[in-house]
Each structure stands twice: as structure tokens, then as C-alpha cells.
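Structure below is final-v2.cif: mmCIF, C-alpha atoms.
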```
data_run
loop_
_atom_site.group_PDB
_atom_site.id
_atom_site.type_symbol
_atom_site.label_atom_id
_atom_site.label_comp_id
_atom_site.auth_asym_id
_atom_site.auth_seq_id
_atom_site.Cartn_x
_atom_site.Cartn_y
_atom_site.Cartn_z
ATOM 1 C CA MET A 4 80.348 -48.883 -142.075
ATOM 2 C CA ILE A 5 83.141 -49.748 -139.686
ATOM 3 C CA ILE A 6 85.667 -52.179 -141.143
ATOM 4 C CA PRO A 7 87.901 -53.811 -138.540
ATOM 5 C CA THR A 8 91.628 -53.859 -139.088
ATOM 6 C CA ARG A 9 93.349 -57.139 -139.816
ATOM 7 C CA ASP A 10 94.759 -57.105 -136.258
ATOM 8 C CA GLU A 11 91.271 -56.569 -134.826
ATOM 9 C CA CYS A 12 90.032 -59.554 -136.846
ATOM 10 C CA LEU A 13 92.867 -61.712 -135.536
ATOM 11 C CA ARG A 14 91.976 -60.608 -131.992
ATOM 12 C CA LEU A 15 88.328 -61.555 -132.561
ATOM 13 C CA LEU A 16 89.319 -64.910 -134.018
ATOM 14 C CA ASP A 17 91.503 -65.582 -130.994
ATOM 15 C CA LYS A 18 88.705 -64.503 -128.639
ATOM 16 C CA TYR A 19 86.022 -66.703 -130.217
ATOM 17 C CA MET A 20 88.098 -69.586 -131.588
ATOM 18 C CA GLY A 21 90.979 -69.907 -129.153
ATOM 19 C CA GLN A 22 93.119 -73.024 -129.329
ATOM 20 C CA GLU A 23 90.132 -75.355 -129.306
ATOM 21 C CA PHE A 24 88.949 -74.077 -132.683
ATOM 22 C CA ALA A 25 92.278 -72.985 -134.180
ATOM 23 C CA HIS A 26 91.511 -75.198 -137.182
ATOM 24 C CA ILE A 27 88.568 -72.921 -138.025
ATOM 25 C CA THR A 28 90.850 -69.893 -137.847
ATOM 26 C CA LYS A 29 93.248 -71.636 -140.255
ATOM 27 C CA HIS A 30 90.336 -72.392 -142.583
ATOM 28 C CA SER A 31 89.194 -68.746 -142.465
ATOM 29 C CA LEU A 32 92.670 -67.444 -143.282
ATOM 30 C CA VAL A 33 92.909 -69.734 -146.323
ATOM 31 C CA VAL A 34 89.468 -68.526 -147.440
ATOM 32 C CA GLU A 35 90.776 -64.973 -147.014
ATOM 33 C CA LYS A 36 93.787 -65.759 -149.216
ATOM 34 C CA ILE A 37 91.455 -66.805 -152.050
ATOM 35 C CA VAL A 38 89.162 -63.824 -151.488
ATOM 36 C CA VAL A 39 92.055 -61.348 -151.682
ATOM 37 C CA PHE A 40 93.317 -63.029 -154.871
ATOM 38 C CA LEU A 41 89.862 -62.852 -156.489
ATOM 39 C CA ALA A 42 89.211 -59.307 -155.257
ATOM 40 C CA LYS A 43 92.473 -58.077 -156.799
ATOM 41 C CA LYS A 44 91.626 -59.822 -160.081
ATOM 42 C CA LEU A 45 88.141 -58.278 -160.122
ATOM 43 C CA ILE A 46 89.536 -54.817 -159.345
ATOM 44 C CA ALA A 47 92.043 -55.204 -162.196
ATOM 45 C CA ALA A 48 89.110 -56.101 -164.461
ATOM 46 C CA GLY A 49 87.353 -52.848 -163.527
ATOM 47 C CA GLU A 50 84.878 -54.206 -160.955
ATOM 48 C CA GLU A 51 84.194 -52.268 -157.757
ATOM 49 C CA VAL A 52 85.453 -54.294 -154.819
ATOM 50 C CA ASN A 53 86.524 -53.021 -151.411
ATOM 51 C CA LEU A 54 89.627 -55.131 -150.784
ATOM 52 C CA ASP A 55 89.752 -54.480 -147.030
ATOM 53 C CA LEU A 56 86.059 -55.289 -146.628
ATOM 54 C CA ALA A 57 86.391 -58.492 -148.655
ATOM 55 C CA SER A 58 89.379 -59.577 -146.578
ATOM 56 C CA ARG A 59 87.633 -58.937 -143.259
ATOM 57 C CA ILE A 60 84.412 -60.694 -144.263
ATOM 58 C CA ALA A 61 86.490 -63.712 -145.254
ATOM 59 C CA MET A 62 88.483 -63.678 -142.016
ATOM 60 C CA LEU A 63 85.347 -63.516 -139.861
ATOM 61 C CA HIS A 64 82.865 -65.532 -141.942
ATOM 62 C CA ASP A 65 82.952 -68.560 -139.589
ATOM 63 C CA ILE A 66 83.152 -66.712 -136.271
ATOM 64 C CA GLY A 67 79.854 -68.296 -135.212
ATOM 65 C CA LYS A 68 81.045 -71.843 -135.891
ATOM 66 C CA PRO A 69 82.351 -72.659 -132.373
ATOM 67 C CA GLU A 70 79.030 -71.752 -130.786
ATOM 68 C CA GLU A 71 77.177 -73.786 -133.412
ATOM 69 C CA ILE A 72 79.388 -76.798 -132.705
ATOM 70 C CA ARG A 73 78.878 -76.480 -128.958
ATOM 71 C CA VAL A 74 75.104 -76.176 -129.319
ATOM 72 C CA THR A 75 74.032 -78.327 -132.266
ATOM 73 C CA LEU A 76 77.115 -80.181 -133.524
ATOM 74 C CA HIS A 77 76.117 -79.482 -137.145
ATOM 75 C CA GLY A 78 73.897 -77.318 -139.334
ATOM 76 C CA SER A 79 74.045 -73.882 -140.870
ATOM 77 C CA GLY A 80 73.241 -71.819 -137.783
ATOM 78 C CA HIS A 81 76.748 -70.401 -137.616
ATOM 79 C CA GLY A 82 75.833 -67.689 -140.114
ATOM 80 C CA GLU A 83 73.173 -66.345 -137.754
ATOM 81 C CA LEU A 84 75.439 -66.851 -134.751
ATOM 82 C CA GLY A 85 78.221 -65.001 -136.578
ATOM 83 C CA TYR A 86 75.850 -62.132 -137.320
ATOM 84 C CA THR A 87 74.919 -61.911 -133.631
ATOM 85 C CA THR A 88 78.545 -62.063 -132.488
ATOM 86 C CA LEU A 89 79.808 -59.478 -134.963
ATOM 87 C CA THR A 90 76.893 -57.127 -134.250
ATOM 88 C CA LYS A 91 77.685 -57.375 -130.534
ATOM 89 C CA GLU A 92 81.336 -56.574 -131.343
ATOM 90 C CA GLY A 93 80.306 -53.442 -133.271
ATOM 91 C CA TYR A 94 80.494 -54.765 -136.844
ATOM 92 C CA PRO A 95 76.877 -55.377 -137.919
ATOM 93 C CA GLU A 96 77.574 -54.986 -141.651
ATOM 94 C CA ILE A 97 80.353 -57.570 -141.506
ATOM 95 C CA GLY A 98 77.944 -59.721 -139.500
ATOM 96 C CA GLU A 99 75.289 -59.428 -142.201
ATOM 97 C CA SER A 100 77.820 -60.625 -144.767
ATOM 98 C CA ALA A 101 78.872 -63.503 -142.501
ATOM 99 C CA ARG A 102 75.219 -64.469 -142.296
ATOM 100 C CA LYS A 103 75.052 -64.700 -146.102
ATOM 101 C CA HIS A 104 78.045 -67.004 -146.648
ATOM 102 C CA ILE A 105 75.885 -70.041 -145.799
ATOM 103 C CA LEU A 106 74.832 -72.099 -148.824
ATOM 104 C CA THR A 107 71.187 -72.060 -147.736
ATOM 105 C CA TYR A 108 71.205 -68.312 -148.431
ATOM 106 C CA LEU A 109 71.387 -69.140 -152.132
ATOM 107 C CA PHE A 110 67.765 -70.262 -151.804
ATOM 108 C CA LYS A 111 66.647 -67.317 -149.664
ATOM 109 C CA GLU A 112 67.955 -64.740 -152.120
ATOM 110 C CA LYS A 113 67.253 -66.120 -155.567
ATOM 111 C CA ASP A 114 69.598 -63.904 -157.597
ATOM 112 C CA PHE A 115 73.160 -63.986 -156.304
ATOM 113 C CA ARG A 116 74.070 -61.277 -158.839
ATOM 114 C CA THR A 117 72.455 -58.751 -156.480
ATOM 115 C CA TRP A 118 75.042 -59.560 -153.788
ATOM 116 C CA SER A 119 78.134 -57.460 -153.302
ATOM 117 C CA TRP A 120 81.333 -58.827 -154.777
ATOM 118 C CA GLU A 121 82.758 -59.028 -151.264
ATOM 119 C CA GLU A 122 79.934 -61.341 -150.139
ATOM 120 C CA LEU A 123 79.899 -63.393 -153.305
ATOM 121 C CA ILE A 124 83.612 -64.143 -153.426
ATOM 122 C CA THR A 125 83.573 -65.060 -149.735
ATOM 123 C CA LEU A 126 80.794 -67.589 -150.267
ATOM 124 C CA TYR A 127 82.629 -68.964 -153.303
ATOM 125 C CA ALA A 128 86.064 -69.086 -151.631
ATOM 126 C CA ASP A 129 84.548 -70.947 -148.681
ATOM 127 C CA GLN A 130 83.467 -73.641 -151.163
ATOM 128 C CA ARG A 131 87.083 -74.001 -152.294
ATOM 129 C CA VAL A 132 88.575 -74.837 -148.872
ATOM 130 C CA ASN A 133 88.345 -78.154 -147.017
ATOM 131 C CA ASN A 134 89.679 -77.507 -143.540
ATOM 132 C CA ASP A 135 92.805 -75.551 -144.551
ATOM 133 C CA GLN A 136 93.386 -77.103 -147.984
ATOM 134 C CA ILE A 137 92.395 -75.448 -151.261
ATOM 135 C CA VAL A 138 90.340 -77.822 -153.396
ATOM 136 C CA THR A 139 88.034 -77.759 -156.412
ATOM 137 C CA VAL A 140 84.305 -77.187 -156.027
ATOM 138 C CA GLU A 141 83.769 -80.851 -156.907
ATOM 139 C CA GLU A 142 86.139 -81.993 -154.153
ATOM 140 C CA ARG A 143 84.391 -79.707 -151.656
ATOM 141 C CA PHE A 144 81.020 -81.226 -152.447
ATOM 142 C CA GLU A 145 82.448 -84.740 -152.200
ATOM 143 C CA TYR A 146 83.608 -83.738 -148.703
ATOM 144 C CA PHE A 147 80.137 -82.382 -147.851
ATOM 145 C CA ASN A 148 78.498 -85.597 -149.010
ATOM 146 C CA LYS A 149 80.875 -87.763 -146.955
ATOM 147 C CA ARG A 150 80.640 -85.592 -143.853
ATOM 148 C CA TYR A 151 76.987 -84.545 -143.851
ATOM 149 C CA GLY A 152 75.259 -86.826 -146.335
ATOM 150 C CA SER A 153 74.955 -89.613 -143.799
ATOM 151 C CA LEU A 154 72.950 -87.320 -141.520
ATOM 152 C CA SER A 155 69.897 -87.545 -143.753
ATOM 153 C CA PRO A 156 68.790 -88.052 -147.344
ATOM 154 C CA ARG A 157 67.626 -84.450 -147.169
ATOM 155 C CA SER A 158 71.247 -83.293 -146.770
ATOM 156 C CA MET A 159 72.263 -85.204 -149.895
ATOM 157 C CA THR A 160 69.384 -83.634 -151.829
ATOM 158 C CA PHE A 161 70.337 -80.171 -150.597
ATOM 159 C CA PHE A 162 73.919 -80.562 -151.813
ATOM 160 C CA GLU A 163 72.716 -81.826 -155.196
ATOM 161 C CA LEU A 164 70.480 -78.768 -155.539
ATOM 162 C CA VAL A 165 72.996 -76.172 -154.391
ATOM 163 C CA LYS A 166 76.070 -77.392 -156.302
ATOM 164 C CA PRO A 167 74.896 -75.972 -159.673
ATOM 165 C CA LYS A 168 74.380 -72.612 -157.966
ATOM 166 C CA VAL A 169 77.987 -72.641 -156.760
ATOM 167 C CA TYR A 170 79.174 -73.482 -160.271
ATOM 168 C CA ALA A 171 77.057 -70.583 -161.588
ATOM 169 C CA ILE A 172 78.776 -68.265 -159.096
ATOM 170 C CA GLU A 173 82.153 -69.615 -160.188
ATOM 171 C CA LYS A 174 81.300 -68.855 -163.812
ATOM 172 C CA HIS A 175 80.007 -65.386 -162.873
ATOM 173 C CA ILE A 176 83.317 -64.572 -161.185
ATOM 174 C CA PHE A 177 85.735 -66.150 -163.645
ATOM 175 C CA ASP A 178 83.990 -64.755 -166.731
ATOM 176 C CA ARG A 179 85.197 -61.359 -165.513
ATOM 177 C CA ILE A 180 88.831 -62.109 -164.691
ATOM 178 C CA ASP A 181 91.889 -63.272 -166.599
ATOM 179 C CA VAL A 182 92.380 -66.688 -164.973
ATOM 180 C CA ASP A 183 90.360 -69.876 -164.686
ATOM 181 C CA PRO A 184 89.164 -71.589 -161.477
ATOM 182 C CA GLU A 185 92.182 -73.907 -161.488
ATOM 183 C CA ALA A 186 94.403 -70.891 -160.746
ATOM 184 C CA VAL A 187 93.025 -70.862 -157.203
ATOM 185 C CA LEU A 188 94.713 -74.217 -156.599
ATOM 186 C CA SER A 189 98.114 -72.560 -157.056
ATOM 187 C CA LEU A 190 97.554 -70.369 -153.998
ATOM 188 C CA THR A 191 98.505 -73.185 -151.606
#
```

Could you spell out this file's structure in C-alpha cells?
Amino acid sequence: MIIPTRDECLRLLDKYMGQEFAHITKHSLVVEKIVVFLAKKLIAAGEEVNLDLASRIAMLHDIGKPEEIRVTLHGSGHGELGYTTLTKEGYPEIGESARKHILTYLFKEKDFRTWSWEELITLYADQRVNNDQIVTVEERFEYFNKRYGSLSPRSMTFFELVKPKVYAIEKHIFDRIDVDPEAVLSLT
């Protein structure tokens, strides 16, 4: 597996986000901050986590978002678009992980405990960041409901169904480390 350097990730973010989508780059870098924090805690607890891989997945997890916005204006297609982009750039394994950070993947693969730590903490960290602000899981889902809930009753139902899965992931992570979920808020 080829893991891009941090500088290569920043170059890719600049290439695909540019100024128009700089807010998505900011979001991704805050997600990365949480991922690195959690990865270091998991490593200290004896879990096998590739810190560089976790960091790069987090940095590039939303690389497909600009294309999704240009094409559909909303939805969860940016995971697939990210996979395509990162595969084209020579990082198919990172692309596969970007594909899995989408909440709908929690229904495709029933048991999140089979995921790598790098993938799991990226999905979780993404649920802790509104734009570029670190928030609680509850605040993130309030944001989802305000932003996407008006699109359809189906969206509201989806968020109601997926939220317990995110809390289960949170418990899975924090049962193994020496801090609680509130510690993430101090990373701002």
C-alpha cells in the first residue's frame, strides 16, 4: 500500500478543493486532528494503528465532496467519488477507506468491528466536526437534521437509525482508551 506524505495530501486537497472549497479542507484537517489524537491513544492502549495511514485517510476523506456538490448538491456520493479520485491519483487503498467514511456504509457492512481502526476513527471523527468546529455527536446530528432533514422525511429517519450506530462506535473506541468522548472537545 502506498501512503501519501502529508505534503502530497495537502497538494491533492489544493488540487481538488482549491479556494472554492477551502472550507472542506479546513473540515478535513480538523477531522485529522481528532483522528491523530485517537490513534495515539489507541496505540498507547496496545491497539495496532498505523498513525500515518490514519492521518492520510482523515485528510483525504472528503476529497470527492466538491464533485458531489457540483453534480448533485447533496447526498452521500462523495465517498464513491473520493474512491474514484484517489484511485486515479494512485492511492486506491486510501480511496477505499474514503469510500467507507459515509454513514450509509454502516448499513452495508453490518459489523463495524471488522473495520480497521484507521477507517473507524475517521468515520467517528467526521461525526465530531461541524464545518471546522469540534462538537459532540449529538450536536452533529442536530446539524444533520437542520441541514438535511428538510429534504425528506426519509433523511430524518436515516439519521434516527444511524445515530445509535455512531454512539456504539464511540463506545467501542473510548472503552479502549484512557479518556472520555468529551476530551475531544479540548482539541479546539

Any idea what's packed within 9 Å of Glu141 (chain A), counting all atoms listed in the file, ignoring anything in its chain fewer than 4 positions away? Could you give it as a PDB file with C-alpha atoms, in the coordinates of the input?
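And here is the file that came out, selection-v4.pdb:
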```pdb
ATOM      1  CA  ARG A 131      87.083 -74.001-152.294  1.00  0.00           C
ATOM      2  CA  GLU A 145      82.448 -84.740-152.200  1.00  0.00           C
ATOM      3  CA  TYR A 146      83.608 -83.738-148.703  1.00  0.00           C
ATOM      4  CA  LYS A 166      76.070 -77.392-156.302  1.00  0.00           C
TER       5      LYS A 166
END
```

Note to self: Can you spell out as number ranges by chain the set of residues that the PyMOL selection byres ((chain A and resi 30) around 12) selects in the structure I just provided?
What the structure shows: A: 16, 20, 24-29, 31-37, 61-66, 68, 128-137

Counting all atoms listed in the file, select every polymer residue within 12 Å of (72.8, -61.7, -154.5) as defined in the file's coordinates, and provide the selection as an MDAnalysis selection string.
-> chainID A and resid 100 103:104 108:124 126 168 172 175

re CA of Glu83 (chain A) and CA of Val52 (chain A): distance 24.2 Å

(Q) I need the output of the PyMOL selection byres ((chain A and resi 82) around 7) for this file as number ranges by chain; which residues are they? (A) A: 67, 79-81, 83-86, 101-105

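You will find CA of Glu99 (chain A) at 12.4 Å from CA of Leu56 (chain A).
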
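Among the candidate residues A:Arg14, A:Thr90, A:Met159, A:Thr139, the one lying nearest to Tyr127 (chain A) is A:Thr139, with distances computed using all atoms listed in the file.
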
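Here CA of Glu185 (chain A) stands at a distance of 14.2 Å from CA of Lys44 (chain A).
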
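Those residues that approach Ala47 (chain A) to within 10 Å, counting all atoms listed in the file, are Leu41, Ala42, Lys43, Glu51, Val52, Arg179, Ile180 and Asp181 of chain A; same-chain residues fewer than 4 positions away are not listed.
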
Output C-alpha atoms of each residue in that selection to a file, as a PDB file, keeping the file's coordinate frame.
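What landed in part_35.pdb:
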```
ATOM      1  CA  LEU A  41      89.862 -62.852-156.489  1.00  0.00           C
ATOM      2  CA  ALA A  42      89.211 -59.307-155.257  1.00  0.00           C
ATOM      3  CA  LYS A  43      92.473 -58.077-156.799  1.00  0.00           C
ATOM      4  CA  GLU A  51      84.194 -52.268-157.757  1.00  0.00           C
ATOM      5  CA  VAL A  52      85.453 -54.294-154.819  1.00  0.00           C
ATOM      6  CA  ARG A 179      85.197 -61.359-165.513  1.00  0.00           C
ATOM      7  CA  ILE A 180      88.831 -62.109-164.691  1.00  0.00           C
ATOM      8  CA  ASP A 181      91.889 -63.272-166.599  1.00  0.00           C
TER       9      ASP A 181
END
```

Nearest to Met4 (chain A), restricted to only C-alpha atoms and choosing among A:Val187, A:Val39, A:Ile97, A:Ile46, comes out as A:Ile97

Kindly extract all protein, DNA and RNA residues lying within 10 Å of the coordinates (92.7, -56.5, -140.1) given in the file, considering all atoms listed in the file, and supply them as a PyMOL selection string. chain A and resi 6-14+55-56+58-59+62

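Using all atoms listed in the file, the smallest distance between any of A:Leu54, A:Leu106, A:Val182, A:Leu188 and Phe147 (chain A) comes from A:Leu106.
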
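Each of A:Phe144, A:Tyr151, A:Phe40, A:Tyr19 was checked against Ile176 (chain A) using only C-alpha atoms; the smallest atom-to-atom distance is that of A:Phe40.
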